[in-house]
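Structure below is query02.txt: compact mmCIF, C-alpha atoms (C1' of nucleotides).
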# COMPACT_ATOMS: atom_id res chain seq x y z
CA MET D 28 -127.87 126.45 49.07
CA THR D 29 -125.42 123.54 48.93
CA ASN D 30 -125.60 122.77 52.65
CA ASN D 31 -123.22 124.58 54.90
CA GLU D 32 -123.23 122.37 57.95
CA GLN D 33 -120.00 122.18 59.85
CA TYR D 34 -118.84 119.50 62.21
CA SER D 35 -116.06 119.22 64.74
CA ILE D 36 -114.09 116.03 64.99
CA GLY D 37 -115.87 115.23 68.22
CA GLU D 38 -119.29 115.60 66.63
CA LEU D 39 -118.36 113.33 63.77
CA SER D 40 -116.84 110.73 66.04
CA LYS D 41 -120.01 110.64 68.12
CA TYR D 42 -122.20 110.54 65.04
CA PHE D 43 -120.39 107.54 63.58
CA ASP D 44 -119.52 106.02 66.95
CA ILE D 45 -115.80 105.90 66.26
CA THR D 46 -112.87 107.56 68.00
CA ALA D 47 -111.37 110.89 66.97
CA ARG D 48 -108.09 109.01 66.67
CA SER D 49 -109.57 106.96 63.84
CA ILE D 50 -110.72 110.03 61.97
CA ARG D 51 -107.31 111.64 62.29
CA PHE D 52 -105.75 108.40 61.17
CA TYR D 53 -107.88 108.31 58.04
CA GLU D 54 -106.72 111.83 57.29
CA GLU D 55 -103.12 110.80 57.91
CA GLN D 56 -103.62 108.04 55.35
CA GLY D 57 -104.91 110.50 52.80
CA LEU D 58 -108.58 109.51 52.94
CA LEU D 59 -109.81 112.81 54.31
CA ALA D 60 -108.68 116.41 53.92
CA PRO D 61 -110.79 118.62 56.18
CA GLU D 62 -110.58 122.38 56.24
CA ARG D 63 -108.71 124.09 59.06
CA GLN D 64 -109.72 127.02 61.18
CA GLY D 65 -106.66 127.85 63.16
CA GLN D 66 -105.43 124.52 64.41
CA SER D 67 -108.81 122.84 64.52
CA ARG D 68 -110.30 120.66 61.83
CA ILE D 69 -113.62 121.66 60.30
CA TYR D 70 -115.62 119.01 58.49
CA HIS D 71 -118.33 119.65 55.91
CA LEU D 72 -120.96 117.45 54.37
CA LYS D 73 -118.61 116.01 51.76
CA ASP D 74 -116.26 114.89 54.52
CA LYS D 75 -119.14 113.28 56.33
CA VAL D 76 -120.12 111.41 53.18
CA ARG D 77 -116.55 110.29 52.71
CA LEU D 78 -116.39 108.98 56.23
CA LYS D 79 -119.58 107.08 55.66
CA LEU D 80 -118.05 105.50 52.57
CA ILE D 81 -114.88 104.64 54.44
CA LEU D 82 -116.82 102.85 57.16
CA ARG D 83 -118.94 100.97 54.68
CA GLY D 84 -115.83 99.92 52.81
CA LYS D 85 -114.33 98.67 56.03
CA ARG D 86 -117.43 96.70 56.91
CA LEU D 87 -117.07 95.03 53.54
CA GLY D 88 -113.51 94.05 54.30
CA PHE D 89 -111.67 96.62 52.20
CA SER D 90 -108.37 97.93 53.54
CA LEU D 91 -107.87 101.65 53.95
CA ALA D 92 -105.35 101.51 51.11
CA GLU D 93 -107.92 99.92 48.81
CA ILE D 94 -110.52 102.47 49.82
CA LYS D 95 -108.05 105.21 49.06
CA THR D 96 -107.34 103.96 45.54
CA LEU D 97 -111.07 103.65 44.94
CA PHE D 98 -111.49 107.26 46.03
CA GLU D 99 -108.67 108.36 43.77
CA LEU D 100 -110.17 106.51 40.82
CA TYR D 101 -113.50 108.09 41.55
CA ASP D 102 -111.99 111.56 42.01
CA THR D 103 -109.81 111.72 38.92
CA ASN D 104 -112.22 112.78 36.25
CA PRO D 105 -112.32 109.80 33.95
CA ASN D 106 -111.49 111.27 30.58
CA SER D 107 -108.93 108.95 29.02
CA ALA D 108 -109.98 105.59 27.61
CA ALA D 109 -107.24 103.89 29.58
CA GLN D 110 -108.60 105.29 32.84
CA LEU D 111 -112.06 104.10 31.98
CA GLU D 112 -110.85 100.62 31.13
CA THR D 113 -108.99 100.46 34.42
CA MET D 114 -112.08 101.54 36.28
CA LEU D 115 -114.21 98.92 34.54
CA ALA D 116 -111.70 96.21 35.32
CA LEU D 117 -111.65 97.21 38.97
CA THR D 118 -115.40 97.33 39.31
CA ASP D 119 -115.66 93.88 37.76
CA GLN D 120 -113.04 92.57 40.12
CA LYS D 121 -114.79 94.02 43.16
CA ARG D 122 -118.08 92.71 41.90
CA ALA D 123 -116.66 89.20 41.85
CA VAL D 124 -115.53 89.49 45.44
CA LEU D 125 -118.91 90.83 46.49
CA ASN D 126 -120.69 87.99 44.72
CA GLN D 127 -118.49 85.52 46.55
CA GLN D 128 -119.47 87.20 49.80
CA LEU D 129 -123.11 87.04 48.88
CA ASN D 130 -122.76 83.31 48.33
CA ASP D 131 -120.97 82.86 51.62
CA ILE D 132 -123.59 84.86 53.46
CA GLN D 133 -126.42 82.92 51.86
CA THR D 134 -124.83 79.62 52.80
CA LEU D 135 -124.21 80.78 56.34
CA MET D 136 -127.74 82.13 56.68
CA ASN D 137 -129.13 78.75 55.70
CA GLU D 138 -126.96 77.03 58.25
CA LEU D 139 -128.03 79.50 60.89
CA ASP D 140 -131.64 78.72 60.03
CA ASP D 141 -130.93 75.02 60.51
CA VAL D 142 -129.22 75.52 63.83
CA GLU D 143 -131.91 77.86 65.03
CA SER D 144 -134.81 75.60 64.22
CA ARG D 145 -133.08 72.63 65.79
CA CYS D 146 -132.44 74.69 68.89
CA LYS D 147 -136.06 75.74 69.12
CA GLU D 148 -137.26 72.16 68.74
CA GLU D 149 -135.01 71.07 71.53
CA LEU D 150 -136.24 73.87 73.73
CA ILE D 151 -139.79 72.71 73.18
CA GLU D 152 -138.78 69.20 74.15
CA LEU D 153 -137.23 70.53 77.33
CA GLN D 154 -140.42 72.45 78.08
CA LYS D 155 -142.48 69.27 77.76
CA GLY D 156 -140.16 67.51 80.17
CA ASN D 157 -140.61 70.25 82.73
CA HIS D 158 -144.32 69.55 82.91
CA LEU D 159 -143.80 66.19 84.57
CA MET U 14 -118.14 53.75 53.81
CA THR U 15 -117.71 57.11 55.55
CA ASN U 16 -114.98 58.32 53.24
CA ASN U 17 -111.42 57.50 54.18
CA GLU U 18 -109.51 60.02 52.14
CA GLN U 19 -106.32 61.29 53.68
CA TYR U 20 -104.48 64.48 52.91
CA SER U 21 -101.04 65.79 53.68
CA ILE U 22 -100.63 69.40 54.72
CA GLY U 23 -99.13 70.14 51.31
CA GLU U 24 -102.11 68.68 49.51
CA LEU U 25 -104.56 70.71 51.56
CA SER U 26 -102.59 73.91 51.12
CA LYS U 27 -102.59 73.44 47.36
CA TYR U 28 -106.25 72.55 47.32
CA PHE U 29 -107.29 75.68 49.21
CA ASP U 30 -104.51 77.82 47.78
CA ILE U 31 -103.15 78.82 51.18
CA THR U 32 -99.77 78.21 52.82
CA ALA U 33 -98.96 75.29 55.08
CA ARG U 34 -97.99 77.88 57.65
CA SER U 35 -101.57 79.10 57.77
CA ILE U 36 -102.90 75.59 58.31
CA ARG U 37 -100.45 74.98 61.14
CA PHE U 38 -101.40 78.34 62.58
CA TYR U 39 -105.07 77.44 62.60
CA GLU U 40 -104.15 74.26 64.48
CA GLU U 41 -102.06 76.29 66.91
CA GLN U 42 -105.10 78.44 67.56
CA GLY U 43 -107.22 75.40 68.28
CA LEU U 44 -109.26 75.42 65.08
CA LEU U 45 -107.92 72.13 63.76
CA ALA U 46 -106.75 68.93 65.41
CA PRO U 47 -105.42 66.60 62.73
CA GLU U 48 -104.31 63.05 63.39
CA ARG U 49 -100.60 62.30 63.55
CA GLN U 50 -98.64 59.52 61.94
CA GLY U 51 -95.22 59.81 63.48
CA GLN U 52 -94.41 63.46 63.26
CA SER U 53 -96.52 64.20 60.21
CA ARG U 54 -100.05 65.54 60.23
CA ILE U 55 -102.76 63.53 58.53
CA TYR U 56 -105.95 65.29 57.55
CA HIS U 57 -109.30 63.61 56.90
CA LEU U 58 -112.50 64.81 55.32
CA LYS U 59 -113.76 66.44 58.50
CA ASP U 60 -110.58 68.50 58.71
CA LYS U 61 -111.03 69.54 55.11
CA VAL U 62 -114.59 70.62 55.84
CA ARG U 63 -113.40 72.56 58.86
CA LEU U 64 -110.80 74.35 56.80
CA LYS U 65 -113.44 75.25 54.27
CA LEU U 66 -115.55 76.74 57.05
CA ILE U 67 -112.58 78.64 58.43
CA LEU U 68 -111.87 80.22 55.07
CA ARG U 69 -115.48 81.12 54.51
CA GLY U 70 -115.64 82.67 57.94
CA LYS U 71 -112.57 84.69 57.16
CA ARG U 72 -114.00 85.91 53.88
CA LEU U 73 -116.97 87.14 55.86
CA GLY U 74 -114.74 89.08 58.18
CA PHE U 75 -114.82 86.83 61.22
CA SER U 76 -111.67 86.63 63.31
CA LEU U 77 -110.11 83.25 64.01
CA ALA U 78 -111.14 83.65 67.64
CA GLU U 79 -114.75 84.18 66.63
CA ILE U 80 -114.64 81.21 64.30
CA LYS U 81 -113.25 79.12 67.13
CA THR U 82 -116.07 80.02 69.50
CA LEU U 83 -118.58 79.27 66.77
CA PHE U 84 -116.97 75.86 66.32
CA GLU U 85 -117.05 75.24 70.05
CA LEU U 86 -120.70 76.21 70.22
CA TYR U 87 -121.43 73.95 67.32
CA ASP U 88 -119.38 71.09 68.77
CA THR U 89 -120.72 71.09 72.32
CA ASN U 90 -123.87 69.07 72.01
CA PRO U 91 -126.52 71.58 72.85
CA ASN U 92 -128.44 69.93 75.65
CA SER U 93 -128.93 72.57 78.31
CA ALA U 94 -131.50 75.30 77.84
CA ALA U 95 -128.92 77.92 78.72
CA GLN U 96 -126.62 76.68 75.95
CA LEU U 97 -129.46 76.80 73.48
CA GLU U 98 -130.41 80.33 74.45
CA THR U 99 -126.79 81.40 74.08
CA MET U 100 -126.63 79.84 70.67
CA LEU U 101 -129.83 81.54 69.58
CA ALA U 102 -128.59 84.89 70.80
CA LEU U 103 -125.36 84.46 68.90
CA THR U 104 -127.02 83.41 65.69
CA ASP U 105 -129.29 86.43 65.88
CA GLN U 106 -126.34 88.68 66.47
CA LYS U 107 -124.46 87.27 63.53
CA ARG U 108 -127.54 87.48 61.40
CA ALA U 109 -127.74 91.21 62.11
CA VAL U 110 -124.15 91.69 61.01
CA LEU U 111 -124.74 89.68 57.87
CA ASN U 112 -127.84 91.69 57.03
CA GLN U 113 -125.85 94.88 57.42
CA GLN U 114 -123.28 93.46 55.03
CA LEU U 115 -125.99 92.55 52.57
CA ASN U 116 -127.21 96.14 52.65
CA ASP U 117 -123.71 97.46 52.17
CA ILE U 118 -123.08 95.13 49.28
CA GLN U 119 -126.37 96.03 47.64
CA THR U 120 -125.63 99.73 47.92
CA LEU U 121 -122.15 99.26 46.58
CA MET U 122 -123.36 97.10 43.71
CA ASN U 123 -125.77 99.83 42.66
CA GLU U 124 -123.02 102.38 42.74
CA LEU U 125 -120.79 100.10 40.71
CA ASP U 126 -123.59 99.81 38.18
CA ASP U 127 -123.80 103.58 37.97
CA VAL U 128 -120.08 104.02 37.54
CA GLU U 129 -119.90 101.24 35.00
CA SER U 130 -122.68 102.55 32.81
CA ARG U 131 -121.28 106.06 32.91
CA CYS U 132 -117.88 104.67 31.93
CA LYS U 133 -119.36 102.77 29.02
CA GLU U 134 -121.21 105.83 27.78
CA GLU U 135 -118.06 107.86 27.87
CA LEU U 136 -116.22 105.15 25.99
CA ILE U 137 -118.85 105.26 23.28
CA GLU U 138 -118.45 109.02 23.07
CA LEU U 139 -114.71 108.56 22.66
CA GLN U 140 -115.31 106.03 19.90
CA LYS U 141 -117.50 108.49 18.01
CA GLY U 142 -114.79 111.10 18.27
CA ASN U 143 -112.27 108.71 16.76
CA HIS U 144 -114.31 108.45 13.57
CA LEU U 145 -113.60 112.02 12.57
C1' DT R 10 -108.07 134.05 86.73
C1' DT R 11 -108.78 129.62 86.96
C1' DC R 12 -110.96 125.76 85.44
C1' DA R 13 -113.20 122.34 82.39
C1' DG R 14 -113.82 120.66 78.08
C1' DC R 15 -112.47 120.23 73.58
C1' DC R 16 -108.96 120.35 70.45
C1' DT R 17 -103.95 119.59 68.90
C1' DT R 18 -99.31 116.88 67.84
C1' DT R 19 -95.85 113.36 68.79
C1' DA R 20 -94.70 108.98 69.68
C1' DC R 21 -94.52 104.52 71.46
C1' DG R 22 -97.59 100.17 72.26
C1' DT R 23 -100.75 96.50 70.68
C1' DT R 24 -103.23 92.76 68.26
C1' DA R 25 -104.24 89.56 64.51
C1' DA R 26 -102.68 86.67 61.12
C1' DC R 27 -99.60 85.16 59.31
C1' DG R 28 -94.29 85.52 56.63
C1' DT R 29 -89.86 83.94 56.72
C1' DA R 30 -85.68 82.04 58.00
C1' DA R 31 -83.04 78.43 60.36
C1' DA R 32 -82.16 73.89 61.37
C1' DG R 33 -83.28 69.30 61.39
C1' DC R 34 -85.99 64.50 60.58
C1' DT R 35 -87.53 61.06 57.04
C1' DG R 36 -89.05 58.10 53.32
C1' DG R 37 -88.35 57.02 48.55
C1' DG R 38 -85.59 56.86 44.38
C1' DT R 39 -80.97 56.27 42.04
C1' DA E 19 -74.85 55.65 50.51
C1' DC E 20 -76.68 59.77 49.18
C1' DC E 21 -79.84 63.14 47.94
C1' DC E 22 -84.02 65.59 47.62
C1' DA E 23 -88.73 66.76 48.42
C1' DG E 24 -91.72 67.40 51.90
C1' DC E 25 -92.48 67.38 56.49
C1' DT E 26 -91.30 69.17 61.31
C1' DT E 27 -90.42 72.82 65.30
C1' DT E 28 -88.73 77.24 67.01
C1' DA E 29 -88.55 81.85 66.85
C1' DC E 30 -88.16 86.37 65.34
C1' DG E 31 -90.22 89.83 61.79
C1' DT E 32 -94.13 92.31 59.57
C1' DT E 33 -98.38 94.93 58.41
C1' DA E 34 -102.75 97.22 59.32
C1' DA E 35 -105.44 99.90 62.11
C1' DC E 36 -105.73 101.86 65.45
C1' DG E 37 -105.03 102.48 71.29
C1' DT E 38 -103.02 105.08 74.66
C1' DA E 39 -100.41 108.16 77.03
C1' DA E 40 -98.10 112.68 77.41
C1' DA E 41 -97.95 117.46 76.98
C1' DG E 42 -99.85 121.38 75.59
C1' DG E 43 -103.12 125.32 73.07
C1' DC E 44 -107.87 127.66 72.94
C1' DT E 45 -112.26 129.23 74.61
C1' DG E 46 -116.17 130.12 77.35
C1' DA E 47 -118.28 130.00 82.03
C1' DA E 48 -117.87 130.89 87.01
Whole structure given in structure tokens:
Amino acid sequence: MTNNEQYSIGELSKYFDITARSIRFYEEQGLLAPERQGQSRIYHLKDKVRLKLILRGKRLGFSLAEIKTLFELYDTNPNSAAQLETMLALTDQKRAVLNQQLNDIQTLMNELDDVESRCKEELIELQKGNHL
Amino acid sequence: MTNNEQYSIGELSKYFDITARSIRFYEEQGLLAPERQGQSRIYHLKDKVRLKLILRGKRLGFSLAEIKTLFELYDTNPNSAAQLETMLALTDQKRAVLNQQLNDIQTLMNELDDVESRCKEELIELQKGNHL
DNA sequence: TTCAGCCTTTACGTTAACGTAAAGCTGGGT
DNA sequence: ACCCAGCTTTACGTTAACGTAAAGGCTGAA
């Protein structure tokens, strides 16, 4: 009962609104490894989840190479202490970057608020003028 | 009293920890327009502020072209209604992107928390083992 | 069978954001 | 006078992440 849905590359590309070329490229870079039936690629739920993670990583400004190493860290079962330490260090590092982004976004949001309210005030002024 | 500090390109590059090449490139792309004294560039506070904005924009994933149009929108004194509407549309658009990023970051943070706590638990287990 | 629609591989092209080298001016210190 | 650090321009090189043909295989409907 572990979900047996299958997807073609075209279905996935439509679903995520990206090109098939991109999906093949991610595979070429070692981020995906879909099953094959004959020459065609068959994607399952785990591939779909991976793609989702890839796209989210990209939106956050990670390179495909970075995303790949994150996958590898996540995939290798973390049994040795050294591996775990490495993982912790990396998560901390990423966390710092994300916090920086949060700050930036907050600052920018505030500025957008300023601009927006000033714009709206000016629009109201223009409206008043039009009544004459 | 409006602050008369001057900076050389070297000073600014050290301050922001970027190369002089980058700063010249931003100028080449129309994002900066420093004063000249002879052949050398002289930067003032407003240039420094601009650079800060450029770098923040970049951290948020904006292209230099996008940053430039934002600057231009910000610079043109917004007097016509059409301009104001454009500005409002753009701010809304950007706000949507930023909100998406916030979601992504939040999701990722949670996952990092999960990974981290699992790592720490495993480390503790390893410690216990070492006592035998 | 022929066609359309989807898939495949191979391979060269493109864009953004610089890196990097080459070659030269220039002001201050010794 | 000379040098050096820091500035300048010009121009070609580089990397990431695809875009865009080109040429062909497979499969189901007409």
(request) Could you check how far atom CA of D:Phe43 sits from atom CA of U:Leu73, in Å to one decimal? (result) 22.1 Å
(message) So, with all atoms listed in the file as the atoms that count, which of U:Asn116, U:Asn123, U:Leu101, U:Leu45 lies closest to chain D?
(response) U:Leu101
(request) Give me, as a list in words, the contact residues of chain E against chain U at a cut-off of 12 Å, counting only C-alpha atoms (C1' of nucleotides). (result)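 Listing them in order of chain and number gives DA23, DG24, DC25, DT26 and DT27 of chain E.
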(request) In Å, rounded to a single decimal, give me how far atom CA of D:Leu129 is from atom CA of U:Ile118. (result)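 These atoms are spaced 8.1 Å apart.
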List every residue of chain U that has an atom at most 9 Å from any atom of chain D, and for each one report the closest atom pair and its distance in Å to one decimal, counting all atoms listed in the file, with rows sorted by chain and then by increasing residue number, as JSON lines.
{"residue": "U:Arg69", "atom": "CA", "partner": "D:Asp131", "partner_atom": "CA", "distance": 6.4}
{"residue": "U:Gly70", "atom": "CA", "partner": "D:Asp131", "partner_atom": "CA", "distance": 8.3}
{"residue": "U:Arg72", "atom": "CA", "partner": "D:Gln128", "partner_atom": "CA", "distance": 6.9}
{"residue": "U:Leu73", "atom": "CA", "partner": "D:Gln128", "partner_atom": "CA", "distance": 6.6}
{"residue": "U:Gly74", "atom": "CA", "partner": "D:Gly88", "partner_atom": "CA", "distance": 6.4}
{"residue": "U:Tyr87", "atom": "CA", "partner": "D:Val142", "partner_atom": "CA", "distance": 8.7}
{"residue": "U:Pro91", "atom": "CA", "partner": "D:Cys146", "partner_atom": "CA", "distance": 7.8}
{"residue": "U:Asn92", "atom": "CA", "partner": "D:Glu149", "partner_atom": "CA", "distance": 7.8}
{"residue": "U:Ser93", "atom": "CA", "partner": "D:Leu153", "partner_atom": "CA", "distance": 8.6}
{"residue": "U:Ala94", "atom": "CA", "partner": "D:Leu150", "partner_atom": "CA", "distance": 6.4}
{"residue": "U:Leu97", "atom": "CA", "partner": "D:Cys146", "partner_atom": "CA", "distance": 5.9}
{"residue": "U:Glu98", "atom": "CA", "partner": "D:Cys146", "partner_atom": "CA", "distance": 8.2}
{"residue": "U:Met100", "atom": "CA", "partner": "D:Cys146", "partner_atom": "CA", "distance": 8.0}
{"residue": "U:Leu101", "atom": "CA", "partner": "D:Glu143", "partner_atom": "CA", "distance": 6.2}
{"residue": "U:Thr104", "atom": "CA", "partner": "D:Leu139", "partner_atom": "CA", "distance": 6.3}
{"residue": "U:Asp105", "atom": "CA", "partner": "D:Leu139", "partner_atom": "CA", "distance": 8.6}
{"residue": "U:Lys107", "atom": "CA", "partner": "D:Leu139", "partner_atom": "CA", "distance": 8.9}
{"residue": "U:Arg108", "atom": "CA", "partner": "D:Met136", "partner_atom": "CA", "distance": 7.1}
{"residue": "U:Leu111", "atom": "CA", "partner": "D:Ile132", "partner_atom": "CA", "distance": 6.6}
{"residue": "U:Asn112", "atom": "CA", "partner": "D:Ile132", "partner_atom": "CA", "distance": 8.8}
{"residue": "U:Gln113", "atom": "CA", "partner": "D:Arg86", "partner_atom": "CA", "distance": 8.6}
{"residue": "U:Gln114", "atom": "CA", "partner": "D:Leu87", "partner_atom": "CA", "distance": 6.6}
{"residue": "U:Leu115", "atom": "CA", "partner": "D:Leu129", "partner_atom": "CA", "distance": 7.2}
{"residue": "U:Asp117", "atom": "CA", "partner": "D:Arg83", "partner_atom": "CA", "distance": 6.4}
{"residue": "U:Ile118", "atom": "CA", "partner": "D:Leu125", "partner_atom": "CA", "distance": 6.6}
{"residue": "U:Leu121", "atom": "CA", "partner": "D:Arg83", "partner_atom": "CA", "distance": 8.9}
{"residue": "U:Met122", "atom": "CA", "partner": "D:Arg122", "partner_atom": "CA", "distance": 7.1}
{"residue": "U:Leu125", "atom": "CA", "partner": "D:Thr118", "partner_atom": "CA", "distance": 6.2}
{"residue": "U:Asp126", "atom": "CA", "partner": "D:Thr118", "partner_atom": "CA", "distance": 8.6}
{"residue": "U:Val128", "atom": "CA", "partner": "D:Leu115", "partner_atom": "CA", "distance": 8.3}
{"residue": "U:Glu129", "atom": "CA", "partner": "D:Leu115", "partner_atom": "CA", "distance": 6.2}
{"residue": "U:Cys132", "atom": "CA", "partner": "D:Leu111", "partner_atom": "CA", "distance": 5.8}
{"residue": "U:Lys133", "atom": "CA", "partner": "D:Leu111", "partner_atom": "CA", "distance": 8.0}
{"residue": "U:Glu135", "atom": "CA", "partner": "D:Asn106", "partner_atom": "CA", "distance": 7.9}
{"residue": "U:Leu136", "atom": "CA", "partner": "D:Ala108", "partner_atom": "CA", "distance": 6.5}
{"residue": "U:Leu139", "atom": "CA", "partner": "D:Ala108", "partner_atom": "CA", "distance": 7.5}
Write out, as a short mmCIF file (atom, residue, chain, number, x, y, z; two decimals), keeping the file's coordinate frame, the residues just selected, with C-alpha atoms.
data_model
loop_
_atom_site.label_atom_id
_atom_site.label_comp_id
_atom_site.auth_asym_id
_atom_site.auth_seq_id
_atom_site.Cartn_x
_atom_site.Cartn_y
_atom_site.Cartn_z
CA ARG U 69 -115.48 81.12 54.51
CA GLY U 70 -115.64 82.67 57.94
CA ARG U 72 -114.00 85.91 53.88
CA LEU U 73 -116.97 87.14 55.86
CA GLY U 74 -114.74 89.08 58.18
CA TYR U 87 -121.43 73.95 67.32
CA PRO U 91 -126.52 71.58 72.85
CA ASN U 92 -128.44 69.93 75.65
CA SER U 93 -128.93 72.57 78.31
CA ALA U 94 -131.50 75.30 77.84
CA LEU U 97 -129.46 76.80 73.48
CA GLU U 98 -130.41 80.33 74.45
CA MET U 100 -126.63 79.84 70.67
CA LEU U 101 -129.83 81.54 69.58
CA THR U 104 -127.02 83.41 65.69
CA ASP U 105 -129.29 86.43 65.88
CA LYS U 107 -124.46 87.27 63.53
CA ARG U 108 -127.54 87.48 61.40
CA LEU U 111 -124.74 89.68 57.87
CA ASN U 112 -127.84 91.69 57.03
CA GLN U 113 -125.85 94.88 57.42
CA GLN U 114 -123.28 93.46 55.03
CA LEU U 115 -125.99 92.55 52.57
CA ASP U 117 -123.71 97.46 52.17
CA ILE U 118 -123.08 95.13 49.28
CA LEU U 121 -122.15 99.26 46.58
CA MET U 122 -123.36 97.10 43.71
CA LEU U 125 -120.79 100.10 40.71
CA ASP U 126 -123.59 99.81 38.18
CA VAL U 128 -120.08 104.02 37.54
CA GLU U 129 -119.90 101.24 35.00
CA CYS U 132 -117.88 104.67 31.93
CA LYS U 133 -119.36 102.77 29.02
CA GLU U 135 -118.06 107.86 27.87
CA LEU U 136 -116.22 105.15 25.99
CA LEU U 139 -114.71 108.56 22.66
#
(message) Taking all atoms listed in the file into account and nothing else, which residues of chain U lie no more than 8 Å away from chain R? Please answer as a PyMOL selection string.
(response) chain U and resi 34-35+38
Would you mind exporting C-alpha atoms of the selected residues as an mmCIF file, in the coordinates of the input?
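Output contents, as saved in again-v2.cif:
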data_model
loop_
_atom_site.group_PDB
_atom_site.id
_atom_site.type_symbol
_atom_site.label_atom_id
_atom_site.label_comp_id
_atom_site.auth_asym_id
_atom_site.auth_seq_id
_atom_site.Cartn_x
_atom_site.Cartn_y
_atom_site.Cartn_z
ATOM 1 C CA ARG U 34 -97.990 77.880 57.650
ATOM 2 C CA SER U 35 -101.570 79.100 57.770
ATOM 3 C CA PHE U 38 -101.400 78.340 62.580
#
(message) If I take atom C1' of E:DA34 and atom CA of D:Leu91, how far is one from the other in Å, to one decimal?
(response) 8.6 Å
Around stretch 114-124 of chain U, with edges along x, y and z and 3 Å added on all six sides, what centre and edge lengths do you get, in Å to one decimal, as AutoDock Vina command-line options?
--center_x -124.7 --center_y 97.5 --center_z 48.8 --size_x 11.1 --size_y 15.8 --size_z 18.4
Have stretch 74-88 of chain D completed to N, CA and C atoms, please, and pass it along as a PDB file, keeping the file's coordinate frame.
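Listing of selection-v8.pdb after writing:
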ATOM      1  N   ASP D  74    -117.118 115.694  53.657  1.00  0.00           N
ATOM      2  CA  ASP D  74    -116.260 114.890  54.520  1.00  0.00           C
ATOM      3  C   ASP D  74    -117.076 113.813  55.239  1.00  0.00           C
ATOM      4  N   LYS D  75    -118.256 114.222  55.657  1.00  0.00           N
ATOM      5  CA  LYS D  75    -119.140 113.280  56.330  1.00  0.00           C
ATOM      6  C   LYS D  75    -119.494 112.126  55.404  1.00  0.00           C
ATOM      7  N   VAL D  76    -119.789 112.446  54.165  1.00  0.00           N
ATOM      8  CA  VAL D  76    -120.120 111.410  53.180  1.00  0.00           C
ATOM      9  C   VAL D  76    -118.931 110.488  52.975  1.00  0.00           C
ATOM     10  N   ARG D  77    -117.758 111.103  52.890  1.00  0.00           N
ATOM     11  CA  ARG D  77    -116.550 110.290  52.710  1.00  0.00           C
ATOM     12  C   ARG D  77    -116.359 109.321  53.855  1.00  0.00           C
ATOM     13  N   LEU D  78    -116.542 109.831  55.052  1.00  0.00           N
ATOM     14  CA  LEU D  78    -116.390 108.980  56.230  1.00  0.00           C
ATOM     15  C   LEU D  78    -117.370 107.812  56.181  1.00  0.00           C
ATOM     16  N   LYS D  79    -118.578 108.123  55.786  1.00  0.00           N
ATOM     17  CA  LYS D  79    -119.580 107.080  55.660  1.00  0.00           C
ATOM     18  C   LYS D  79    -119.117 106.001  54.674  1.00  0.00           C
ATOM     19  N   LEU D  80    -118.553 106.447  53.573  1.00  0.00           N
ATOM     20  CA  LEU D  80    -118.050 105.500  52.570  1.00  0.00           C
ATOM     21  C   LEU D  80    -116.899 104.683  53.122  1.00  0.00           C
ATOM     22  N   ILE D  81    -116.013 105.346  53.852  1.00  0.00           N
ATOM     23  CA  ILE D  81    -114.880 104.640  54.440  1.00  0.00           C
ATOM     24  C   ILE D  81    -115.376 103.508  55.347  1.00  0.00           C
ATOM     25  N   LEU D  82    -116.334 103.846  56.207  1.00  0.00           N
ATOM     26  CA  LEU D  82    -116.820 102.850  57.160  1.00  0.00           C
ATOM     27  C   LEU D  82    -117.543 101.703  56.457  1.00  0.00           C
ATOM     28  N   ARG D  83    -118.269 102.036  55.422  1.00  0.00           N
ATOM     29  CA  ARG D  83    -118.940 100.970  54.680  1.00  0.00           C
ATOM     30  C   ARG D  83    -117.906 100.079  54.004  1.00  0.00           C
ATOM     31  N   GLY D  84    -116.903 100.697  53.425  1.00  0.00           N
ATOM     32  CA  GLY D  84    -115.830  99.920  52.810  1.00  0.00           C
ATOM     33  C   GLY D  84    -115.187  98.981  53.815  1.00  0.00           C
ATOM     34  N   LYS D  85    -114.933  99.498  54.993  1.00  0.00           N
ATOM     35  CA  LYS D  85    -114.330  98.670  56.030  1.00  0.00           C
ATOM     36  C   LYS D  85    -115.229  97.499  56.406  1.00  0.00           C
ATOM     37  N   ARG D  86    -116.508  97.788  56.567  1.00  0.00           N
ATOM     38  CA  ARG D  86    -117.430  96.700  56.910  1.00  0.00           C
ATOM     39  C   ARG D  86    -117.396  95.612  55.854  1.00  0.00           C
ATOM     40  N   LEU D  87    -117.107  96.011  54.636  1.00  0.00           N
ATOM     41  CA  LEU D  87    -117.070  95.030  53.540  1.00  0.00           C
ATOM     42  C   LEU D  87    -115.702  94.385  53.413  1.00  0.00           C
ATOM     43  N   GLY D  88    -114.800  94.728  54.302  1.00  0.00           N
ATOM     44  CA  GLY D  88    -113.510  94.050  54.300  1.00  0.00           C
ATOM     45  C   GLY D  88    -112.446  94.707  53.431  1.00  0.00           C
TER      46      GLY D  88
END
